[in-house]
$ cat work.csv   # CSV, C-alpha atoms
chain,number,residue,atom,x,y,z
A,1078,MET,CA,-28.3,-6.5,-23.8
A,1079,LEU,CA,-30.5,-9.5,-23.1
A,1080,ARG,CA,-29.0,-12.9,-22.9
A,1081,ALA,CA,-30.7,-16.3,-22.5
A,1082,PHE,CA,-29.1,-19.0,-20.3
A,1083,PRO,CA,-30.4,-22.5,-19.8
A,1084,LEU,CA,-31.3,-23.1,-16.2
A,1085,TYR,CA,-32.6,-26.5,-15.1
A,1086,GLY,CA,-34.6,-27.0,-18.3
A,1087,LEU,CA,-35.9,-23.4,-18.2
A,1088,THR,CA,-34.4,-20.4,-19.9
A,1089,ALA,CA,-33.5,-17.6,-17.7
A,1090,LEU,CA,-33.3,-14.1,-19.2
A,1091,VAL,CA,-30.5,-12.0,-17.8
A,1092,ILE,CA,-30.2,-8.3,-18.5
A,1093,ALA,CA,-26.5,-7.5,-18.8
A,1094,ALA,CA,-25.6,-3.9,-17.9
A,1095,SER,CA,-23.6,-1.8,-20.3
A,1096,THR,CA,-20.0,-1.7,-19.0
A,1097,ALA,CA,-19.9,2.0,-19.9
A,1098,ASN,CA,-22.5,2.8,-17.2
A,1099,ALA,CA,-21.4,0.2,-14.6
A,1100,GLU,CA,-19.4,1.3,-11.6
A,1101,VAL,CA,-16.1,-0.2,-10.8
A,1102,VAL,CA,-16.0,-2.6,-8.0
A,1103,PHE,CA,-13.5,-1.7,-5.3
A,1104,ARG,CA,-12.1,-4.6,-3.4
A,1105,ASP,CA,-10.3,-5.1,0.0
A,1106,THR,CA,-6.6,-5.5,-0.6
A,1107,ILE,CA,-6.4,-8.6,1.7
A,1108,THR,CA,-9.7,-10.3,1.5
A,1109,GLY,CA,-11.0,-9.3,-1.9
A,1110,ALA,CA,-14.4,-8.4,-0.5
A,1111,ALA,CA,-16.2,-5.5,-2.0
A,1112,ILE,CA,-15.6,-2.2,-0.3
A,1113,ASP,CA,-18.5,-0.1,0.8
A,1114,LEU,CA,-17.6,3.4,-0.3
A,1115,SER,CA,-20.5,4.9,1.6
A,1116,LEU,CA,-18.5,4.4,4.8
A,1117,ALA,CA,-16.0,7.1,3.6
A,1118,LYS,CA,-15.7,10.4,5.5
A,1119,LYS,CA,-18.2,12.8,3.9
A,1120,GLY,CA,-16.7,15.2,1.5
A,1121,PRO,CA,-17.3,16.9,-1.9
A,1122,GLU,CA,-18.5,14.7,-4.7
A,1123,THR,CA,-16.2,16.3,-7.2
A,1124,GLU,CA,-16.1,15.4,-10.9
A,1125,ALA,CA,-12.8,13.6,-10.2
A,1126,VAL,CA,-14.5,11.5,-7.5
A,1127,LYS,CA,-17.5,10.7,-9.8
A,1128,HIS,CA,-15.1,9.8,-12.6
A,1129,PHE,CA,-12.9,7.7,-10.3
A,1130,ILE,CA,-15.9,5.7,-8.9
A,1131,GLN,CA,-17.1,5.0,-12.5
A,1132,THR,CA,-13.7,4.2,-14.1
A,1133,GLY,CA,-10.9,3.8,-11.4
A,1134,GLU,CA,-9.0,6.5,-13.2
A,1135,ASN,CA,-7.6,9.5,-11.2
A,1136,LEU,CA,-8.2,12.7,-13.2
A,1137,TYR,CA,-5.9,14.6,-10.9
A,1138,LEU,CA,-2.7,12.9,-12.0
A,1139,GLY,CA,-0.2,15.5,-13.3
A,1140,ASN,CA,-1.9,18.4,-11.6
A,1141,ALA,CA,0.8,20.1,-9.6
A,1142,GLU,CA,-1.7,22.1,-7.4
A,1143,VAL,CA,-3.6,18.9,-6.5
A,1144,ALA,CA,-0.3,17.1,-5.8
A,1145,ALA,CA,0.8,19.9,-3.4
A,1146,LYS,CA,-2.5,19.6,-1.5
A,1147,GLY,CA,-2.0,15.8,-1.6
A,1148,GLY,CA,1.5,16.2,-0.1
A,1149,GLU,CA,0.0,18.2,2.8
A,1150,LEU,CA,-2.6,15.5,3.4
A,1151,TYR,CA,0.1,12.8,3.1
A,1152,LEU,CA,2.2,14.5,5.8
A,1153,THR,CA,-0.6,14.3,8.3
A,1154,ALA,CA,-2.1,11.0,7.4
A,1155,CYS,CA,0.7,8.8,6.0
A,1156,SER,CA,4.2,10.1,6.8
A,1157,GLY,CA,4.3,8.7,10.3
A,1158,CYS,CA,4.6,5.2,8.8
A,1159,HIS,CA,5.8,5.8,5.2
A,1160,GLY,CA,8.3,8.6,5.9
A,1161,HIS,CA,8.1,12.3,5.0
A,1162,GLU,CA,9.4,11.8,1.6
A,1163,ALA,CA,7.6,8.4,1.0
A,1164,GLU,CA,11.0,6.8,1.5
A,1165,GLY,CA,9.6,4.2,3.9
A,1166,LYS,CA,9.8,3.9,7.6
A,1167,LEU,CA,7.6,1.5,9.6
A,1168,GLY,CA,5.6,1.0,6.4
A,1169,PRO,CA,7.1,0.5,2.9
A,1170,ALA,CA,8.4,3.2,0.6
A,1171,LEU,CA,5.9,4.5,-1.8
A,1172,ARG,CA,8.1,6.4,-4.3
A,1173,ASP,CA,10.0,3.5,-5.9
A,1174,ASP,CA,8.8,0.7,-8.2
A,1175,TYR,CA,8.6,-2.0,-5.5
A,1176,TRP,CA,5.1,-2.6,-4.3
A,1177,THR,CA,4.1,-4.8,-1.4
A,1178,TYR,CA,0.8,-5.3,-3.1
A,1179,LEU,CA,1.1,-5.4,-6.9
A,1180,LYS,CA,-2.4,-3.9,-7.3
A,1181,ASN,CA,-0.9,-0.6,-5.9
A,1182,LYS,CA,0.7,-0.1,-9.3
A,1183,THR,CA,-2.7,1.1,-10.4
A,1184,ASP,CA,-4.5,4.1,-8.9
A,1185,LYS,CA,-7.6,1.9,-8.2
A,1186,GLY,CA,-5.4,-0.6,-6.3
A,1187,LEU,CA,-3.6,2.1,-4.3
A,1188,PHE,CA,-7.0,3.7,-3.5
A,1189,GLU,CA,-8.3,0.3,-2.3
A,1190,THR,CA,-5.3,-0.1,0.0
A,1191,ILE,CA,-5.6,3.4,1.4
A,1192,PHE,CA,-9.4,3.3,1.8
A,1193,ASN,CA,-9.7,-0.1,3.5
A,1194,GLY,CA,-6.1,-0.7,4.8
A,1195,ALA,CA,-4.0,-3.8,4.4
A,1196,ALA,CA,-1.9,-6.2,6.5
A,1197,SER,CA,0.1,-5.3,9.5
A,1198,MET,CA,-0.3,-1.7,10.7
A,1199,MET,CA,-1.9,-0.3,7.6
A,1200,GLY,CA,-5.2,0.7,8.9
A,1201,PRO,CA,-8.2,1.9,6.9
A,1202,GLN,CA,-8.2,5.6,6.1
A,1203,TYR,CA,-11.8,6.0,5.1
A,1204,LYS,CA,-12.7,7.7,8.4
A,1205,GLN,CA,-9.7,10.1,8.2
A,1206,LEU,CA,-9.7,11.1,4.5
A,1207,THR,CA,-12.5,11.8,2.0
A,1208,ILE,CA,-12.4,10.0,-1.3
A,1209,ASP,CA,-11.4,13.3,-2.9
A,1210,GLU,CA,-8.5,13.7,-0.4
A,1211,MET,CA,-7.4,10.1,-1.1
A,1212,LEU,CA,-7.2,11.0,-4.8
A,1213,HIS,CA,-5.1,14.0,-3.8
A,1214,VAL,CA,-2.7,11.8,-1.8
A,1215,ILE,CA,-2.4,9.3,-4.7
A,1216,THR,CA,-1.6,12.2,-7.0
A,1217,TRP,CA,1.2,13.3,-4.7
A,1218,ILE,CA,2.6,9.8,-4.3
A,1219,ARG,CA,2.7,9.5,-8.1
A,1220,SER,CA,4.4,12.9,-8.4
A,1221,VAL,CA,7.3,11.9,-6.2
A,1222,TYR,CA,7.9,8.5,-8.0
A,1223,ILE,CA,11.6,7.9,-8.7
A,1224,GLY,CA,11.4,4.5,-10.3
A,1225,ASP,CA,11.5,3.3,-13.8
A,1226,PRO,CA,8.8,5.0,-15.9
A,1227,ALA,CA,8.2,1.8,-17.8
A,1228,LYS,CA,7.0,0.2,-14.5
A,1229,ALA,CA,4.6,3.1,-13.7
A,1230,ASP,CA,1.2,1.6,-14.7
A,1231,TRP,CA,-0.6,4.9,-14.0
A,1232,LEU,CA,1.3,6.7,-16.8
A,1233,THR,CA,0.1,6.9,-20.4
A,1234,GLU,CA,2.6,5.8,-23.0
A,1235,ASP,CA,3.3,9.5,-23.9
A,1236,GLN,CA,3.9,10.3,-20.2
A,1237,ARG,CA,6.3,7.3,-19.9
A,1238,LYS,CA,8.3,8.6,-22.9
A,1239,ALA,CA,8.4,12.1,-21.4
A,1240,ALA,CA,9.4,10.8,-18.0
A,1241,ALA,CA,12.1,8.6,-19.5
A,1242,ALA,CA,13.5,11.6,-21.3
A,1243,ALA,CA,13.4,13.9,-18.2
A,1244,PRO,CA,16.4,14.3,-15.9
A,1245,ALA,CA,16.2,11.9,-12.9
A,1246,LYS,CA,14.6,13.3,-9.7
A,1247,PRO,CA,16.9,13.4,-6.7
A,1248,ALA,CA,16.3,10.5,-4.2
A,1249,ALA,CA,15.4,12.9,-1.4
A,1250,ALA,CA,13.5,15.7,-3.1
A,1251,ALA,CA,12.3,18.4,-0.7
A,1252,HIS,CA,8.6,18.7,-0.1

$ encode --input "work.csv" --output "C-alpha cells"
Amino acid sequence: MLRAFPLYGLTALVIAASTANAEVVFRDTITGAAIDLSLAKKGPETEAVKHFIQTGENLYLGNAEVAAKGGELYLTACSGCHGHEAEGKLGPALRDDYWTYLKNKTDKGLFETIFNGAASMMGPQYKQLTIDEMLHVITWIRSVYIGDPAKADWLTEDQRKAAAAAPAKPAAAAH
C-alpha cells in the first residue's frame, strides 16, 4: 500500500509492507533490541521454523512426539538451572503460571528469552540449540504446565476449555 506523508514541505511516499508477508521482529528480553536469528546454531529449516519466524506461532504445540524430544533437549540444556521437572532450581520454575518476564507467557516471548538469554545467569542458547530445537523445548515446557489454563496464553480457547475439564496433573510428573 502506498501512503503519502508530509515531510518538510515535501511529500514522501512510503511503501507499507503487507503484514501478512512481514516477518515477526524478535527482541531481546532485557534490552528490547532486535535479535539476529542468523546467529543461531545451524539446523533444519522446517515448516515449523519458517512458520514461527513469520508468525511467532509454534506449530508443534500439542504434539506429544515433539514434546518428548523437547524434554530430552531440555534435560541437557535447561534442567541444570530450571530443574529436571521444570520445578525451578537456580533459575525459576517453568511449569506454573508465574513468569519472571511476562512476555514468556507467549511462545514468541519464551523463544526470545531462550534464544538471547535474560538477566542473571540465563545465558543465550542460540549457540547450543537450533531454532527448531528451541521450539521443541518450548513444546515440552508447555506440555508440563500445571497452572491455571486461563492464564496459558499459548492455548486456544478450545484448548483452555479442554484443559480446565481434564484432571489436574500431579505436581511432580515423571519425565

$ closest_residue --input "work.csv" --among "A:Ile1218, A:Thr1106, A:Leu1187, A:Leu1114" --to "A:His1161" --atoms "only C-alpha atoms"
A:Ile1218

$ closest_residue --input "work.csv" --among "A:Asp1235, A:Val1221, A:Val1102, A:Phe1192" --to "A:Glu1164" --atoms "only C-alpha atoms"
A:Val1221

$ residues_around --input "work.csv" --residues "A:Arg1237" --least-positions-apart "3" --cutoff "9 Å" --atoms "only C-alpha atoms" --output "list in words"
Asp1225, Pro1226, Ala1227, Lys1228, Ala1229, Leu1232, Thr1233, Glu1234, Ala1240, Ala1241 and Ala1242 of chain A

$ write_last_selection --input "work.csv" --atoms "C-alpha atoms" --output "PDB file, in the frame of the given file"
ATOM      1  CA  ASP A1225      11.500   3.300 -13.800  1.00  0.00           C
ATOM      2  CA  PRO A1226       8.800   5.000 -15.900  1.00  0.00           C
ATOM      3  CA  ALA A1227       8.200   1.800 -17.800  1.00  0.00           C
ATOM      4  CA  LYS A1228       7.000   0.200 -14.500  1.00  0.00           C
ATOM      5  CA  ALA A1229       4.600   3.100 -13.700  1.00  0.00           C
ATOM      6  CA  LEU A1232       1.300   6.700 -16.800  1.00  0.00           C
ATOM      7  CA  THR A1233       0.100   6.900 -20.400  1.00  0.00           C
ATOM      8  CA  GLU A1234       2.600   5.800 -23.000  1.00  0.00           C
ATOM      9  CA  ALA A1240       9.400  10.800 -18.000  1.00  0.00           C
ATOM     10  CA  ALA A1241      12.100   8.600 -19.500  1.00  0.00           C
ATOM     11  CA  ALA A1242      13.500  11.600 -21.300  1.00  0.00           C
TER      12      ALA A1242
END

$ atom_distance --input "work.csv" --atom1 "atom CA of A:Arg1172" --atom2 "atom CA of A:Glu1149"
16.0 Å

$ atom_distance --input "work.csv" --atom1 "atom CA of A:Val1143" --atom2 "atom CA of A:Ile1191"
17.5 Å

$ decode --input "work.csv" --residues "stretch 1180-1205 of chain A" --atoms "N, CA and C atoms" --output "mmCIF file, in the first residue's frame"
data_model
loop_
_atom_site.group_PDB
_atom_site.id
_atom_site.type_symbol
_atom_site.label_atom_id
_atom_site.label_comp_id
_atom_site.auth_asym_id
_atom_site.auth_seq_id
_atom_site.Cartn_x
_atom_site.Cartn_y
_atom_site.Cartn_z
ATOM 1 N N LYS A 1180 6.470 -11.592 29.120
ATOM 2 C CA LYS A 1180 6.485 -11.947 27.703
ATOM 3 C C LYS A 1180 6.609 -13.457 27.500
ATOM 4 N N ASN A 1181 7.126 -14.184 28.502
ATOM 5 C CA ASN A 1181 7.304 -15.634 28.379
ATOM 6 C C ASN A 1181 5.977 -16.394 28.422
ATOM 7 N N LYS A 1182 4.878 -15.681 28.656
ATOM 8 C CA LYS A 1182 3.565 -16.304 28.573
ATOM 9 C C LYS A 1182 3.212 -16.619 27.121
ATOM 10 N N THR A 1183 3.921 -15.990 26.177
ATOM 11 C CA THR A 1183 3.715 -16.294 24.763
ATOM 12 C C THR A 1183 4.900 -17.120 24.274
ATOM 13 N N ASP A 1184 4.688 -17.914 23.247
ATOM 14 C CA ASP A 1184 5.789 -18.714 22.699
ATOM 15 C C ASP A 1184 6.854 -17.822 22.080
ATOM 16 N N LYS A 1185 6.458 -16.734 21.469
ATOM 17 C CA LYS A 1185 7.419 -15.779 20.905
ATOM 18 C C LYS A 1185 8.312 -15.233 22.022
ATOM 19 N N GLY A 1186 7.699 -14.817 23.126
ATOM 20 C CA GLY A 1186 8.464 -14.262 24.239
ATOM 21 C C GLY A 1186 9.392 -15.280 24.877
ATOM 22 N N LEU A 1187 8.900 -16.497 25.074
ATOM 23 C CA LEU A 1187 9.740 -17.547 25.661
ATOM 24 C C LEU A 1187 10.898 -17.873 24.722
ATOM 25 N N PHE A 1188 10.620 -17.920 23.430
ATOM 26 C CA PHE A 1188 11.680 -18.153 22.445
ATOM 27 C C PHE A 1188 12.748 -17.058 22.542
ATOM 28 N N GLU A 1189 12.332 -15.809 22.627
ATOM 29 C CA GLU A 1189 13.276 -14.690 22.705
ATOM 30 C C GLU A 1189 14.182 -14.830 23.928
ATOM 31 N N THR A 1190 13.601 -15.237 25.057
ATOM 32 C CA THR A 1190 14.386 -15.413 26.276
ATOM 33 C C THR A 1190 15.350 -16.589 26.142
ATOM 34 N N ILE A 1191 14.892 -17.688 25.565
ATOM 35 C CA ILE A 1191 15.776 -18.836 25.360
ATOM 36 C C ILE A 1191 16.883 -18.478 24.373
ATOM 37 N N PHE A 1192 16.520 -17.884 23.267
ATOM 38 C CA PHE A 1192 17.481 -17.575 22.208
ATOM 39 C C PHE A 1192 18.582 -16.641 22.693
ATOM 40 N N ASN A 1193 18.200 -15.508 23.267
ATOM 41 C CA ASN A 1193 19.172 -14.452 23.577
ATOM 42 C C ASN A 1193 19.501 -14.319 25.061
ATOM 43 N N GLY A 1194 18.857 -15.133 25.903
ATOM 44 C CA GLY A 1194 19.150 -15.068 27.330
ATOM 45 C C GLY A 1194 18.383 -13.951 28.015
ATOM 46 N N ALA A 1195 18.659 -13.796 29.302
ATOM 47 C CA ALA A 1195 17.985 -12.778 30.111
ATOM 48 C C ALA A 1195 18.923 -12.341 31.230
ATOM 49 N N ALA A 1196 18.366 -11.793 32.283
ATOM 50 C CA ALA A 1196 19.174 -11.302 33.402
ATOM 51 C C ALA A 1196 19.775 -12.469 34.190
ATOM 52 N N SER A 1197 20.681 -12.120 35.072
ATOM 53 C CA SER A 1197 21.355 -13.074 35.955
ATOM 54 C C SER A 1197 22.102 -14.136 35.164
ATOM 55 N N MET A 1198 21.829 -15.393 35.441
ATOM 56 C CA MET A 1198 22.612 -16.486 34.840
ATOM 57 C C MET A 1198 22.009 -17.041 33.562
ATOM 58 N N MET A 1199 20.876 -16.518 33.098
ATOM 59 C CA MET A 1199 20.230 -17.054 31.893
ATOM 60 C C MET A 1199 20.990 -16.586 30.657
ATOM 61 N N GLY A 1200 21.890 -17.439 30.228
ATOM 62 C CA GLY A 1200 22.686 -17.121 29.052
ATOM 63 C C GLY A 1200 21.955 -17.456 27.767
ATOM 64 N N PRO A 1201 22.410 -16.884 26.661
ATOM 65 C CA PRO A 1201 21.787 -17.191 25.373
ATOM 66 C C PRO A 1201 22.026 -18.645 24.981
ATOM 67 N N GLN A 1202 21.028 -19.231 24.347
ATOM 68 C CA GLN A 1202 21.111 -20.640 23.947
ATOM 69 C C GLN A 1202 21.275 -20.814 22.435
ATOM 70 N N TYR A 1203 21.429 -19.709 21.692
ATOM 71 C CA TYR A 1203 21.469 -19.800 20.228
ATOM 72 C C TYR A 1203 22.690 -20.537 19.689
ATOM 73 N N LYS A 1204 23.714 -20.703 20.486
ATOM 74 C CA LYS A 1204 24.875 -21.484 20.029
ATOM 75 C C LYS A 1204 24.741 -22.960 20.389
ATOM 76 N N GLN A 1205 23.872 -23.261 21.336
ATOM 77 C CA GLN A 1205 23.699 -24.627 21.820
ATOM 78 C C GLN A 1205 22.530 -25.346 21.151
#
